[in-house]
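Enquirer: final.txt is reproduced in full below (compact mmCIF, C-alpha atoms and all ligand atoms).
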# COMPACT_ATOMS: atom_id res chain seq x y z
CA MET J 1 120.92 110.84 99.71
CA ILE J 2 121.26 110.45 95.96
CA VAL J 3 124.18 108.93 94.08
CA ILE J 4 124.73 110.62 90.72
CA MET J 5 126.63 108.43 88.28
CA ASN J 6 129.03 109.70 85.60
CA THR J 7 127.36 110.20 82.22
CA GLY J 8 129.35 107.27 80.82
CA ALA J 9 129.02 104.98 83.87
CA ARG J 10 128.99 101.31 82.88
CA PRO J 11 125.98 99.13 83.78
CA GLU J 12 128.17 97.02 86.11
CA GLU J 13 129.22 100.18 87.97
CA VAL J 14 125.56 101.15 88.42
CA GLU J 15 124.78 97.61 89.61
CA ALA J 16 127.69 97.69 92.08
CA VAL J 17 126.39 100.91 93.63
CA LYS J 18 122.87 99.44 93.92
CA GLN J 19 124.28 96.28 95.47
CA GLU J 20 126.30 98.31 97.98
CA ILE J 21 123.17 100.27 98.95
CA THR J 22 121.36 96.96 99.54
CA ASN J 23 124.32 95.58 101.53
CA LEU J 24 124.05 98.58 103.85
CA GLY J 25 120.44 97.63 104.61
CA LEU J 26 119.07 100.47 102.45
CA ARG J 27 116.97 100.50 99.29
CA PRO J 28 118.18 101.76 95.89
CA PHE J 29 115.62 103.47 93.65
CA GLU J 30 116.59 104.36 90.13
CA ASN J 31 115.21 107.41 88.44
CA PRO J 32 113.77 106.09 85.18
CA GLY J 33 113.75 107.97 81.90
CA VAL J 34 116.70 110.28 82.46
CA GLU J 35 119.95 110.08 80.60
CA ARG J 36 122.25 110.30 83.57
CA LYS J 37 121.68 107.60 86.19
CA VAL J 38 120.65 108.97 89.55
CA ILE J 39 120.08 106.44 92.31
CA ALA J 40 118.14 107.45 95.41
CA VAL J 41 119.18 105.81 98.67
CA LEU J 42 116.03 105.09 100.66
CA GLY J 43 115.75 104.08 104.29
CA GLU J 44 117.00 105.16 107.70
CA VAL J 45 120.74 105.72 107.35
CA GLY J 46 122.43 104.31 110.48
CA MET J 47 125.92 105.72 109.90
CA ASP J 48 127.20 109.28 109.61
CA LYS J 49 125.75 110.71 106.37
CA ALA J 50 128.93 112.53 105.28
CA GLU J 51 130.88 109.31 105.79
CA LEU J 52 128.33 107.42 103.71
CA ALA J 53 128.62 110.03 100.93
CA ASN J 54 132.43 109.61 100.93
CA HIS J 55 131.95 105.87 100.72
CA PHE J 56 129.92 106.19 97.50
CA ASN J 57 132.17 108.94 96.12
CA ALA J 58 135.05 106.45 96.16
CA MET J 59 133.18 103.90 94.00
CA PRO J 60 133.96 103.60 90.27
CA GLY J 61 131.53 105.35 87.93
CA VAL J 62 130.20 107.69 90.64
CA ASP J 63 130.22 111.41 89.90
CA ARG J 64 129.07 112.45 93.36
CA ALA J 65 126.81 111.56 96.26
CA GLU J 66 124.57 114.36 97.48
CA LEU J 67 122.61 114.65 100.68
CA ILE J 68 118.93 115.56 100.31
CA SER J 69 118.07 117.61 103.35
CA ASN J 70 114.29 117.18 103.02
CA PRO J 71 112.57 114.04 104.24
CA TRP J 72 111.06 113.46 100.78
CA LYS J 73 113.47 111.97 98.26
CA LEU J 74 111.74 110.61 95.16
CA ALA J 75 109.42 113.63 94.98
CA SER J 76 112.33 116.03 95.44
CA ARG J 77 113.56 118.54 92.86
CA THR J 78 117.12 117.68 93.94
CA TYR J 79 116.62 114.06 92.89
CA HIS J 80 114.79 114.93 89.68
CA PRO J 81 115.53 118.53 88.57
CA GLU J 82 113.35 118.44 85.42
CA ASP J 83 109.55 118.77 85.65
CA SER J 84 107.85 115.39 85.48
CA ILE J 85 105.10 114.97 82.92
CA VAL J 86 102.23 112.72 84.02
CA MET J 87 99.84 111.47 81.35
CA ILE J 88 96.20 110.63 81.94
CA GLY J 89 95.37 108.93 78.67
CA GLU J 90 96.66 111.42 76.12
CA ALA J 91 96.35 114.40 78.47
CA LYS J 92 99.68 115.86 79.59
CA PHE J 93 100.23 117.46 82.98
CA GLY J 94 103.59 119.15 83.69
CA GLY J 95 106.67 120.17 81.76
CA GLY J 96 104.96 123.24 80.27
CA TYR J 97 101.70 121.38 79.54
CA SER J 98 98.52 122.22 81.43
CA SER J 99 95.42 120.09 80.88
CA VAL J 100 91.91 120.50 82.20
CA ALA J 101 90.01 117.61 83.77
CA ALA J 102 86.34 118.48 84.18
CA GLY J 103 82.98 116.92 84.89
CA PRO J 104 80.43 116.60 87.66
CA CYS J 105 81.23 116.03 91.31
CA SER J 106 79.29 112.73 91.24
CA VAL J 107 78.32 110.23 88.60
CA GLU J 108 74.49 110.26 88.70
CA SER J 109 73.34 108.43 85.56
CA LEU J 110 74.50 107.45 82.07
CA PRO J 111 72.66 110.36 80.36
CA GLN J 112 74.10 112.85 82.89
CA MET J 113 77.67 111.61 82.27
CA ARG J 114 77.18 111.54 78.49
CA LEU J 115 75.95 115.11 78.51
CA SER J 116 78.76 116.20 80.84
CA ALA J 117 81.40 114.53 78.67
CA ASP J 118 80.03 116.18 75.52
CA ILE J 119 80.05 119.62 77.18
CA VAL J 120 83.56 119.40 78.62
CA LYS J 121 85.08 117.73 75.57
CA ALA J 122 83.64 120.32 73.16
CA ALA J 123 85.07 123.10 75.34
CA GLY J 124 88.55 121.56 75.32
CA ALA J 125 88.85 119.51 78.53
CA ARG J 126 91.12 116.49 78.09
CA ALA J 127 89.88 114.25 80.89
CA LEU J 128 86.49 113.57 82.45
CA ARG J 129 86.01 113.59 86.21
CA GLY J 130 83.17 112.06 88.22
CA GLY J 131 82.99 110.42 91.64
CA ALA J 132 81.37 107.00 92.08
CA PHE J 133 82.50 106.67 95.71
CA LYS J 134 81.82 109.95 97.46
CA PRO J 135 83.23 111.14 100.81
CA ARG J 136 80.29 113.08 102.28
CA THR J 137 80.20 114.98 105.55
CA SER J 138 76.75 113.60 106.28
CA PRO J 139 76.02 109.86 106.30
CA TYR J 140 72.51 110.74 105.03
CA ALA J 141 73.81 112.52 101.90
CA PHE J 142 74.17 110.79 98.50
CA GLN J 143 77.14 108.43 98.82
CA GLY J 144 77.73 107.80 95.11
CA MET J 145 76.67 105.03 92.74
CA GLY J 146 79.59 102.72 93.55
CA GLU J 147 80.52 100.14 90.93
CA GLU J 148 77.52 101.04 88.78
CA GLY J 149 78.99 104.55 88.55
CA LEU J 150 82.35 103.13 87.52
CA LYS J 151 80.64 101.19 84.72
CA ILE J 152 79.00 104.39 83.50
CA LEU J 153 82.41 106.09 83.42
CA ALA J 154 83.86 103.20 81.40
CA GLU J 155 80.94 103.38 78.97
CA VAL J 156 81.34 107.12 78.44
CA ARG J 157 85.09 106.71 78.01
CA ALA J 158 84.44 104.13 75.28
CA GLU J 159 82.00 106.48 73.54
CA THR J 160 84.03 109.68 73.76
CA GLY J 161 87.65 108.56 74.10
CA MET J 162 88.03 110.73 77.20
CA PRO J 163 90.14 109.25 80.03
CA VAL J 164 88.35 109.21 83.40
CA VAL J 165 89.40 110.44 86.84
CA THR J 166 87.52 108.97 89.79
CA GLU J 167 88.01 108.77 93.54
CA VAL J 168 89.04 105.76 95.56
CA MET J 169 88.26 106.09 99.26
CA SER J 170 89.48 102.88 100.83
CA GLU J 171 92.36 100.47 100.39
CA THR J 172 89.84 97.65 100.10
CA GLU J 173 88.38 99.27 96.96
CA VAL J 174 91.62 100.04 95.12
CA GLU J 175 91.49 96.93 92.97
CA LEU J 176 87.88 97.55 91.95
CA VAL J 177 88.28 101.26 91.13
CA ASP J 178 91.60 100.62 89.38
CA ARG J 179 89.84 98.28 86.94
CA TYR J 180 87.85 101.22 85.57
CA ALA J 181 89.87 104.40 86.24
CA ASP J 182 92.51 106.07 84.07
CA CYS J 183 93.43 108.16 87.10
CA LEU J 184 92.76 107.39 90.76
CA GLN J 185 91.78 110.42 92.82
CA ILE J 186 92.72 110.42 96.49
CA GLY J 187 90.49 112.98 98.18
CA ALA J 188 91.38 115.70 100.66
CA ARG J 189 90.11 113.68 103.61
CA ASN J 190 92.38 110.76 102.73
CA VAL J 191 95.62 112.60 102.01
CA GLN J 192 97.21 111.10 105.12
CA ASN J 193 95.45 107.73 104.99
CA TYR J 194 98.69 105.80 104.79
CA ALA J 195 97.05 102.41 104.23
CA LEU J 196 95.29 103.85 101.16
CA LEU J 197 98.48 105.58 99.95
CA LYS J 198 100.40 102.31 100.23
CA ALA J 199 97.72 100.40 98.33
CA VAL J 200 97.52 102.98 95.52
CA GLY J 201 101.34 103.08 95.49
CA GLN J 202 101.24 99.43 94.41
CA THR J 203 99.27 100.29 91.27
CA ARG J 204 100.80 101.88 88.18
CA THR J 205 97.76 104.05 87.47
CA PRO J 206 98.23 107.85 87.53
CA VAL J 207 97.02 109.46 90.75
CA MET J 208 95.52 112.84 91.56
CA LEU J 209 96.41 113.38 95.20
CA LYS J 210 94.43 116.19 96.80
CA ARG J 211 95.76 118.32 99.61
CA GLY J 212 93.75 118.14 102.80
CA PHE J 213 92.10 121.31 104.08
CA GLY J 214 94.46 121.27 107.06
CA THR J 215 97.54 119.72 105.50
CA LYS J 216 100.85 121.56 105.57
CA ILE J 217 102.62 121.63 102.21
CA LYS J 218 105.49 119.55 103.59
CA ASP J 219 103.16 116.82 104.85
CA PHE J 220 101.39 116.90 101.47
CA VAL J 221 104.68 116.20 99.70
CA MET J 222 105.37 113.36 102.14
CA SER J 223 102.06 111.79 101.10
CA ALA J 224 103.19 111.95 97.46
CA GLU J 225 106.43 110.32 98.62
CA TYR J 226 104.40 107.40 100.05
CA LEU J 227 102.89 106.72 96.63
CA MET J 228 106.28 106.97 94.93
CA ALA J 229 108.06 104.81 97.50
CA GLY J 230 105.55 102.09 96.60
CA GLY J 231 106.67 102.37 93.00
CA ASN J 232 103.92 104.57 91.56
CA THR J 233 105.70 107.65 90.25
CA GLN J 234 102.71 108.95 88.24
CA VAL J 235 101.56 111.43 90.86
CA ILE J 236 99.77 114.74 90.27
CA MET J 237 99.36 116.98 93.32
CA VAL J 238 96.11 118.95 93.62
CA GLU J 239 95.69 122.15 95.63
CA ARG J 240 91.97 122.41 96.49
CA GLY J 241 91.85 125.12 99.15
CA ILE J 242 92.55 125.08 102.86
CA GLN J 243 90.52 126.12 105.89
CA THR J 244 91.36 129.45 107.45
CA PHE J 245 89.46 131.90 109.70
CA GLU J 246 87.82 133.28 106.54
CA ASP J 247 84.37 131.87 105.93
CA SER J 248 83.07 133.81 102.94
CA CYS J 249 84.01 130.86 100.73
CA ARG J 250 84.00 127.11 101.32
CA ASN J 251 87.82 127.17 101.56
CA THR J 252 90.66 129.60 100.92
CA THR J 253 92.69 129.05 97.77
CA ASP J 254 96.35 128.75 98.63
CA ILE J 255 97.81 130.19 95.41
CA ASN J 256 101.19 130.31 97.16
CA ALA J 257 101.16 126.53 97.18
CA ILE J 258 101.66 126.47 93.40
CA PRO J 259 105.14 128.07 93.28
CA VAL J 260 106.08 126.61 96.68
CA LEU J 261 105.27 123.06 95.58
CA LYS J 262 107.02 123.59 92.26
CA SER J 263 110.20 124.54 94.08
CA LEU J 264 110.04 121.48 96.35
CA THR J 265 108.96 118.83 93.87
CA HIS J 266 109.16 117.95 90.18
CA LEU J 267 105.62 116.54 90.22
CA PRO J 268 102.83 118.34 88.30
CA ILE J 269 100.69 120.71 90.37
CA VAL J 270 97.00 121.07 89.56
CA LEU J 271 94.49 123.53 91.02
CA ASP J 272 90.87 122.68 91.84
CA PRO J 273 89.08 126.06 91.93
CA SER J 274 85.70 124.39 92.54
CA HIS J 275 86.35 122.99 96.02
CA ALA J 276 88.68 125.92 96.77
CA THR J 277 85.85 128.46 96.45
CA GLY J 278 82.64 126.45 96.75
CA LYS J 279 80.76 128.95 94.58
CA SER J 280 80.44 128.78 90.81
CA ALA J 281 80.56 132.59 90.50
CA TYR J 282 84.12 132.62 91.88
CA VAL J 283 85.46 129.56 90.07
CA PRO J 284 86.51 131.28 86.80
CA ALA J 285 88.57 133.99 88.56
CA ILE J 286 90.47 131.44 90.64
CA ALA J 287 90.96 129.08 87.69
CA ARG J 288 92.48 131.96 85.70
CA ALA J 289 94.69 132.94 88.64
CA GLY J 290 95.94 129.36 89.03
CA LEU J 291 96.90 129.04 85.40
CA ALA J 292 98.63 132.42 85.47
CA ALA J 293 100.51 131.26 88.59
CA GLY J 294 101.87 128.30 86.65
CA CYS J 295 99.72 125.33 87.55
CA ASP J 296 100.07 122.24 85.37
CA GLY J 297 96.35 121.73 85.05
CA LEU J 298 92.92 122.38 86.50
CA LEU J 299 90.30 120.09 87.98
CA ILE J 300 86.92 121.74 87.53
CA GLU J 301 83.40 120.66 88.43
CA VAL J 302 80.97 121.05 85.53
CA HIS J 303 77.36 119.84 85.51
CA PRO J 304 74.77 120.06 82.72
CA ASP J 305 72.18 121.19 85.29
CA PRO J 306 73.96 122.44 88.44
CA ALA J 307 70.70 123.28 90.26
CA HIS J 308 69.80 119.60 90.27
CA ALA J 309 73.25 118.09 90.91
CA ALA J 310 73.39 115.29 93.50
CA SER J 311 76.45 116.94 95.08
CA ASP J 312 78.39 120.22 94.86
CA GLY J 313 75.90 121.90 92.50
CA ALA J 314 76.63 125.33 94.01
CA GLN J 315 80.22 125.20 92.84
CA SER J 316 79.61 123.52 89.47
CA LEU J 317 79.83 125.48 86.24
CA ASN J 318 77.20 124.94 83.58
CA GLY J 319 78.17 124.31 79.95
CA PRO J 320 78.21 127.94 78.70
CA ALA J 321 80.19 129.18 81.73
CA PHE J 322 82.74 126.41 81.26
CA GLN J 323 83.06 127.18 77.55
CA THR J 324 83.69 130.89 78.29
CA LEU J 325 86.28 129.98 80.92
CA MET J 326 88.14 127.63 78.57
CA ASP J 327 88.35 130.38 75.94
CA GLN J 328 89.90 132.69 78.54
CA LEU J 329 92.26 130.00 79.79
CA ARG J 330 93.64 129.48 76.30
CA ARG J 331 94.58 133.16 76.14
CA ILE J 332 96.19 133.02 79.59
CA ALA J 333 98.14 129.89 78.64
CA ASP J 334 99.55 131.79 75.64
CA ALA J 335 100.53 134.71 77.84
CA VAL J 336 102.47 132.50 80.26
CA ASP J 337 103.98 130.21 77.60
CA ARG J 338 102.09 127.08 78.55
CA LYS J 339 100.40 124.62 76.23
CA LEU J 340 96.78 124.03 77.20
C1 LIG O 1 85.71 115.93 94.85
O1 LIG O 1 86.64 116.06 94.03
O2 LIG O 1 84.51 115.89 94.53
C2 LIG O 1 86.05 115.93 96.29
C3 LIG O 1 85.33 115.28 97.18
O3 LIG O 1 87.15 116.68 96.56
P1 LIG O 1 87.95 116.93 97.93
O4 LIG O 1 88.49 115.61 98.33
O5 LIG O 1 89.01 117.91 97.49
O6 LIG O 1 87.00 117.51 98.92
MN MN O 2 82.91 117.68 94.65
As structure tokens, what does this structure read like?
Ligand code: PEP
Ligand code: MN

Expert:
Amino acid sequence: MIVIMNTGARPEEVEAVKQEITNLGLRPFENPGVERKVIAVLGEVGMDKAELANHFNAMPGVDRAELISNPWKLASRTYHPEDSIVMIGEAKFGGGYSSVAAGPCSVESLPQMRLSADIVKAAGARALRGGAFKPRTSPYAFQGMGEEGLKILAEVRAETGMPVVTEVMSETEVELVDRYADCLQIGARNVQNYALLKAVGQTRTPVMLKRGFGTKIKDFVMSAEYLMAGGNTQVIMVERGIQTFEDSCRNTTDINAIPVLKSLTHLPIVLDPSHATGKSAYVPAIARAGLAAGCDGLLIEVHPDPAHAASDGAQSLNGPAFQTLMDQLRRIADAVDRKL
């Protein structure tokens, strides 16, 4: 349920509503940054919901109480009708802005990250990606450079001014990764790792939350709700392909998810065409399709030398291919009235 206050509601009236929510054993959550006060009522409502709505409707300063039929509240379009804009450094995602975050799958060395940052920055990317903690299917595969990789990211950020996106895999590493990252990535395999979601929800660092390859859209939104319920409202949702019967690509891009998610939530929706296809030859087509479909940004793997990448080389674009793609994306952004 949400309680929508009158435009001119007095602060004491807002306080009284919040106090009443607390008295009922529930939790008030105020939507920051909007003119009209909207207070979400969080928790398991014990009494009849229509009766509870009437109760709030009778309070001074209240315009109306509305039931939210979906189990997600803070992420809901009903609660927050306008698009949210999430910033990673100066890069804007949402509200008509689409930004590109690009870089290698893994941080491999300082020269490799410097070169990657130069390539993606020159082409127009606004954030640099690179994993220092890598979730790998095989325990024998490269697991990432760990903290040393985070230090490299911080160094390259200082040199180039690009904000960095990097993955955190475990709740025990949130504090460490958060010291270096401008955006915490939660990977597909961890989308329903509730201990991790709760820990990242305690930070105030922007998050890129990736959909799992077998995660229903509704469960994906509930994972965003976990982060927000912890107080971290800076959530970007990333579609990165799902597993279907089709095996010609690594995954199947769920383009539908872009408009579906936008109808359910106000949060920015980003597409990752690299993991969605698994093949660099297909990445540009799917990136273009995602932007045309209205995504609020793209997360793209780019490597200065894909053939020798420590991970995901087959799906990584090289510098010239990324440059060509960015030029095309700018024209698509114009055609669909988005700022890239
Ligand atoms: C990645 O971004 O390199 C990654 C591991 O992505 P995902 O979690 O989507 O597989
Ligand atoms: Mn990868």

Enquirer: Kindly give the distance, in Å, that separates CA of Ala102 in chain J and CA of Tyr194 in chain J, rounded to a single decimal.

Expert: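 Going from CA of Ala102 in chain J over to CA of Tyr194 in chain J covers 27.2 Å.
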
Enquirer: Find the residues near ligand LIG 1 (chain O). Use a cut-off of 6 Å, count all atoms listed in the file, and write them as a list of chain:residue names.

Expert: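 Selection of residues at most 6 Å from ligand LIG 1 (chain O): J:Cys105, J:Pro135, J:Gly187, J:Ala188, J:Arg189, J:Lys210, J:Arg240, J:His275.
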
Enquirer: Pull C-alpha atoms from the residues just selected and write them as a CSV table (one decimal), in the coordinates of the input.

Expert:
chain,number,residue,atom,x,y,z
J,105,CYS,CA,81.2,116.0,91.3
J,135,PRO,CA,83.2,111.1,100.8
J,187,GLY,CA,90.5,113.0,98.2
J,188,ALA,CA,91.4,115.7,100.7
J,189,ARG,CA,90.1,113.7,103.6
J,210,LYS,CA,94.4,116.2,96.8
J,240,ARG,CA,92.0,122.4,96.5
J,275,HIS,CA,86.4,123.0,96.0

Enquirer: For Gly146 in chain J, which of J:Ser109, J:Thr160, J:Ser98, J:Thr205 is the closest residue, counting all atoms listed in the file?

Expert: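 For Gly146 in chain J, the nearest of the given residues is J:Ser109.
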
Enquirer: Just the number, please: distance in Å from CA of His266 in chain J to CA of Asp83 in chain J, one decimal.

Expert: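 According to the coordinates, CA of His266 in chain J and CA of Asp83 in chain J are separated by 4.6 Å.
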
Enquirer: At most 10 Å from (98.1, 122.8, 90.2), file frame, all atoms listed in the file: which residues, as a PyMOL selection string?

Expert: chain J and resi 93-94+98+236-240+255+257-259+261-262+267-273+287+290-291+293-299

Enquirer: Residues near range 246-248 of chain J, anyone? I mean within 12 Å using all atoms listed in the file, not counting same-chain ones fewer than 5 positions away, as a list in words.

Expert: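 Counting only the stated atoms, we get Gly241, Thr253, Ala276, Thr277, Gly278, Lys279 and Tyr282 of chain J.
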
Enquirer: Identify which of the residues J:Ala123, J:Met59, J:Ala40, J:Val107 lies closest to ligand MN 2 (chain O), counting all atoms listed in the file when measuring atom-to-atom distances.

Expert: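 With all atoms listed in the file as the atom set, the closest residue is J:Val107.
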
Enquirer: Mind pulling up the distance from CA of Ala154 in chain J to CA of Glu171 in chain J?

Expert: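 Distance between the two atoms: 21.0 Å.
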
Enquirer: From the set J:Asp118, J:Asp48, J:Glu301, J:Glu35, which residue has the shortest atom-to-atom contact distance to ligand MN 2 (chain O), counting only C-alpha atoms and all ligand atoms?

Expert: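 Answer, going by the shortest atom-to-atom distance: J:Glu301.
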
Enquirer: Here is a test: counting all atoms listed in the file, which residue of J:Gly43, J:Gly201, J:Gly61, J:Gly144 is nearest to ligand MN 2 (chain O)?

Expert: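 Result for the nearest residue to ligand MN 2 (chain O): J:Gly144.
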
Enquirer: Taking all atoms listed in the file into account, name the residue in J:Arg77, J:Lys218, J:Arg10, J:Lys134 that is nearest to ligand MN 2 (chain O).

Expert: J:Lys134

Enquirer: Kindly reconstruct range 188-198 of chain J with all heavy atoms and present the result as a PDB file, in the coordinates of the input.

Expert:
ATOM      1  N   ALA J 188      90.786 114.882  99.593  1.00  0.00           N
ATOM      2  CA  ALA J 188      91.380 115.700 100.660  1.00  0.00           C
ATOM      3  C   ALA J 188      91.342 114.993 102.016  1.00  0.00           C
ATOM      4  O   ALA J 188      92.293 115.057 102.791  1.00  0.00           O
ATOM      5  CB  ALA J 188      90.617 117.015 100.742  1.00  0.00           C
ATOM      6  N   ARG J 189      90.249 114.310 102.297  1.00  0.00           N
ATOM      7  CA  ARG J 189      90.110 113.680 103.610  1.00  0.00           C
ATOM      8  C   ARG J 189      91.035 112.480 103.777  1.00  0.00           C
ATOM      9  O   ARG J 189      91.253 112.009 104.885  1.00  0.00           O
ATOM     10  CB  ARG J 189      88.654 113.247 103.823  1.00  0.00           C
ATOM     11  CG  ARG J 189      87.714 114.433 103.934  1.00  0.00           C
ATOM     12  CD  ARG J 189      86.292 114.071 103.532  1.00  0.00           C
ATOM     13  NE  ARG J 189      85.476 115.276 103.400  1.00  0.00           N
ATOM     14  CZ  ARG J 189      85.457 116.048 102.307  1.00  0.00           C
ATOM     15  NH1 ARG J 189      86.235 115.762 101.272  1.00  0.00           N
ATOM     16  NH2 ARG J 189      84.691 117.117 102.268  1.00  0.00           N
ATOM     17  N   ASN J 190      91.541 111.966 102.680  1.00  0.00           N
ATOM     18  CA  ASN J 190      92.380 110.760 102.730  1.00  0.00           C
ATOM     19  C   ASN J 190      93.852 111.023 102.447  1.00  0.00           C
ATOM     20  O   ASN J 190      94.613 110.076 102.284  1.00  0.00           O
ATOM     21  CB  ASN J 190      91.858 109.736 101.714  1.00  0.00           C
ATOM     22  CG  ASN J 190      90.762 108.867 102.309  1.00  0.00           C
ATOM     23  OD1 ASN J 190      90.852 108.451 103.468  1.00  0.00           O
ATOM     24  ND2 ASN J 190      89.734 108.603 101.538  1.00  0.00           N
ATOM     25  N   VAL J 191      94.238 112.307 102.419  1.00  0.00           N
ATOM     26  CA  VAL J 191      95.620 112.600 102.010  1.00  0.00           C
ATOM     27  C   VAL J 191      96.655 111.968 102.950  1.00  0.00           C
ATOM     28  O   VAL J 191      97.768 111.666 102.534  1.00  0.00           O
ATOM     29  CB  VAL J 191      95.831 114.134 101.870  1.00  0.00           C
ATOM     30  CG1 VAL J 191      95.712 114.821 103.222  1.00  0.00           C
ATOM     31  CG2 VAL J 191      97.170 114.450 101.226  1.00  0.00           C
ATOM     32  N   GLN J 192      96.266 111.751 104.208  1.00  0.00           N
ATOM     33  CA  GLN J 192      97.210 111.100 105.120  1.00  0.00           C
ATOM     34  C   GLN J 192      96.691 109.735 105.582  1.00  0.00           C
ATOM     35  O   GLN J 192      97.053 109.260 106.657  1.00  0.00           O
ATOM     36  CB  GLN J 192      97.522 112.010 106.299  1.00  0.00           C
ATOM     37  CG  GLN J 192      98.408 113.187 105.846  1.00  0.00           C
ATOM     38  CD  GLN J 192      98.756 114.134 106.962  1.00  0.00           C
ATOM     39  OE1 GLN J 192      97.857 114.664 107.625  1.00  0.00           O
ATOM     40  NE2 GLN J 192     100.039 114.361 107.177  1.00  0.00           N
ATOM     41  N   ASN J 193      95.882 109.115 104.737  1.00  0.00           N
ATOM     42  CA  ASN J 193      95.450 107.730 104.990  1.00  0.00           C
ATOM     43  C   ASN J 193      96.547 106.825 104.414  1.00  0.00           C
ATOM     44  O   ASN J 193      96.554 106.513 103.229  1.00  0.00           O
ATOM     45  CB  ASN J 193      94.095 107.505 104.299  1.00  0.00           C
ATOM     46  CG  ASN J 193      93.593 106.079 104.452  1.00  0.00           C
ATOM     47  OD1 ASN J 193      94.357 105.165 104.778  1.00  0.00           O
ATOM     48  ND2 ASN J 193      92.318 105.887 104.194  1.00  0.00           N
ATOM     49  N   TYR J 194      97.482 106.468 105.281  1.00  0.00           N
ATOM     50  CA  TYR J 194      98.690 105.800 104.790  1.00  0.00           C
ATOM     51  C   TYR J 194      98.415 104.401 104.241  1.00  0.00           C
ATOM     52  O   TYR J 194      99.099 103.954 103.328  1.00  0.00           O
ATOM     53  CB  TYR J 194      99.786 105.805 105.867  1.00  0.00           C
ATOM     54  CG  TYR J 194     100.172 107.229 106.230  1.00  0.00           C
ATOM     55  CD1 TYR J 194      99.968 107.742 107.502  1.00  0.00           C
ATOM     56  CD2 TYR J 194     100.679 108.082 105.251  1.00  0.00           C
ATOM     57  CE1 TYR J 194     100.282 109.059 107.810  1.00  0.00           C
ATOM     58  CE2 TYR J 194     100.986 109.410 105.540  1.00  0.00           C
ATOM     59  CZ  TYR J 194     100.790 109.890 106.818  1.00  0.00           C
ATOM     60  OH  TYR J 194     101.087 111.200 107.101  1.00  0.00           O
ATOM     61  N   ALA J 195      97.394 103.733 104.772  1.00  0.00           N
ATOM     62  CA  ALA J 195      97.050 102.410 104.230  1.00  0.00           C
ATOM     63  C   ALA J 195      96.581 102.562 102.779  1.00  0.00           C
ATOM     64  O   ALA J 195      96.954 101.777 101.906  1.00  0.00           O
ATOM     65  CB  ALA J 195      95.959 101.756 105.082  1.00  0.00           C
ATOM     66  N   LEU J 196      95.772 103.604 102.534  1.00  0.00           N
ATOM     67  CA  LEU J 196      95.290 103.850 101.160  1.00  0.00           C
ATOM     68  C   LEU J 196      96.467 104.268 100.254  1.00  0.00           C
ATOM     69  O   LEU J 196      96.580 103.798  99.124  1.00  0.00           O
ATOM     70  CB  LEU J 196      94.208 104.935 101.180  1.00  0.00           C
ATOM     71  CG  LEU J 196      93.636 105.338  99.817  1.00  0.00           C
ATOM     72  CD1 LEU J 196      92.960 104.158  99.119  1.00  0.00           C
ATOM     73  CD2 LEU J 196      92.642 106.490  99.961  1.00  0.00           C
ATOM     74  N   LEU J 197      97.327 105.135 100.758  1.00  0.00           N
ATOM     75  CA  LEU J 197      98.480 105.580  99.950  1.00  0.00           C
ATOM     76  C   LEU J 197      99.359 104.395  99.574  1.00  0.00           C
ATOM     77  O   LEU J 197      99.829 104.287  98.439  1.00  0.00           O
ATOM     78  CB  LEU J 197      99.303 106.630 100.711  1.00  0.00           C
ATOM     79  CG  LEU J 197      98.600 107.961 101.008  1.00  0.00           C
ATOM     80  CD1 LEU J 197      99.478 108.844 101.896  1.00  0.00           C
ATOM     81  CD2 LEU J 197      98.260 108.713  99.726  1.00  0.00           C
ATOM     82  N   LYS J 198      99.560 103.492 100.529  1.00  0.00           N
ATOM     83  CA  LYS J 198     100.400 102.310 100.230  1.00  0.00           C
ATOM     84  C   LYS J 198      99.736 101.444  99.166  1.00  0.00           C
ATOM     85  O   LYS J 198     100.400 100.944  98.258  1.00  0.00           O
ATOM     86  CB  LYS J 198     100.633 101.496 101.499  1.00  0.00           C
ATOM     87  CG  LYS J 198     101.675 102.112 102.419  1.00  0.00           C
ATOM     88  CD  LYS J 198     101.876 101.235 103.645  1.00  0.00           C
ATOM     89  CE  LYS J 198     102.771 101.926 104.636  1.00  0.00           C
ATOM     90  NZ  LYS J 198     102.844 101.224 105.921  1.00  0.00           N
TER      91      LYS J 198
END
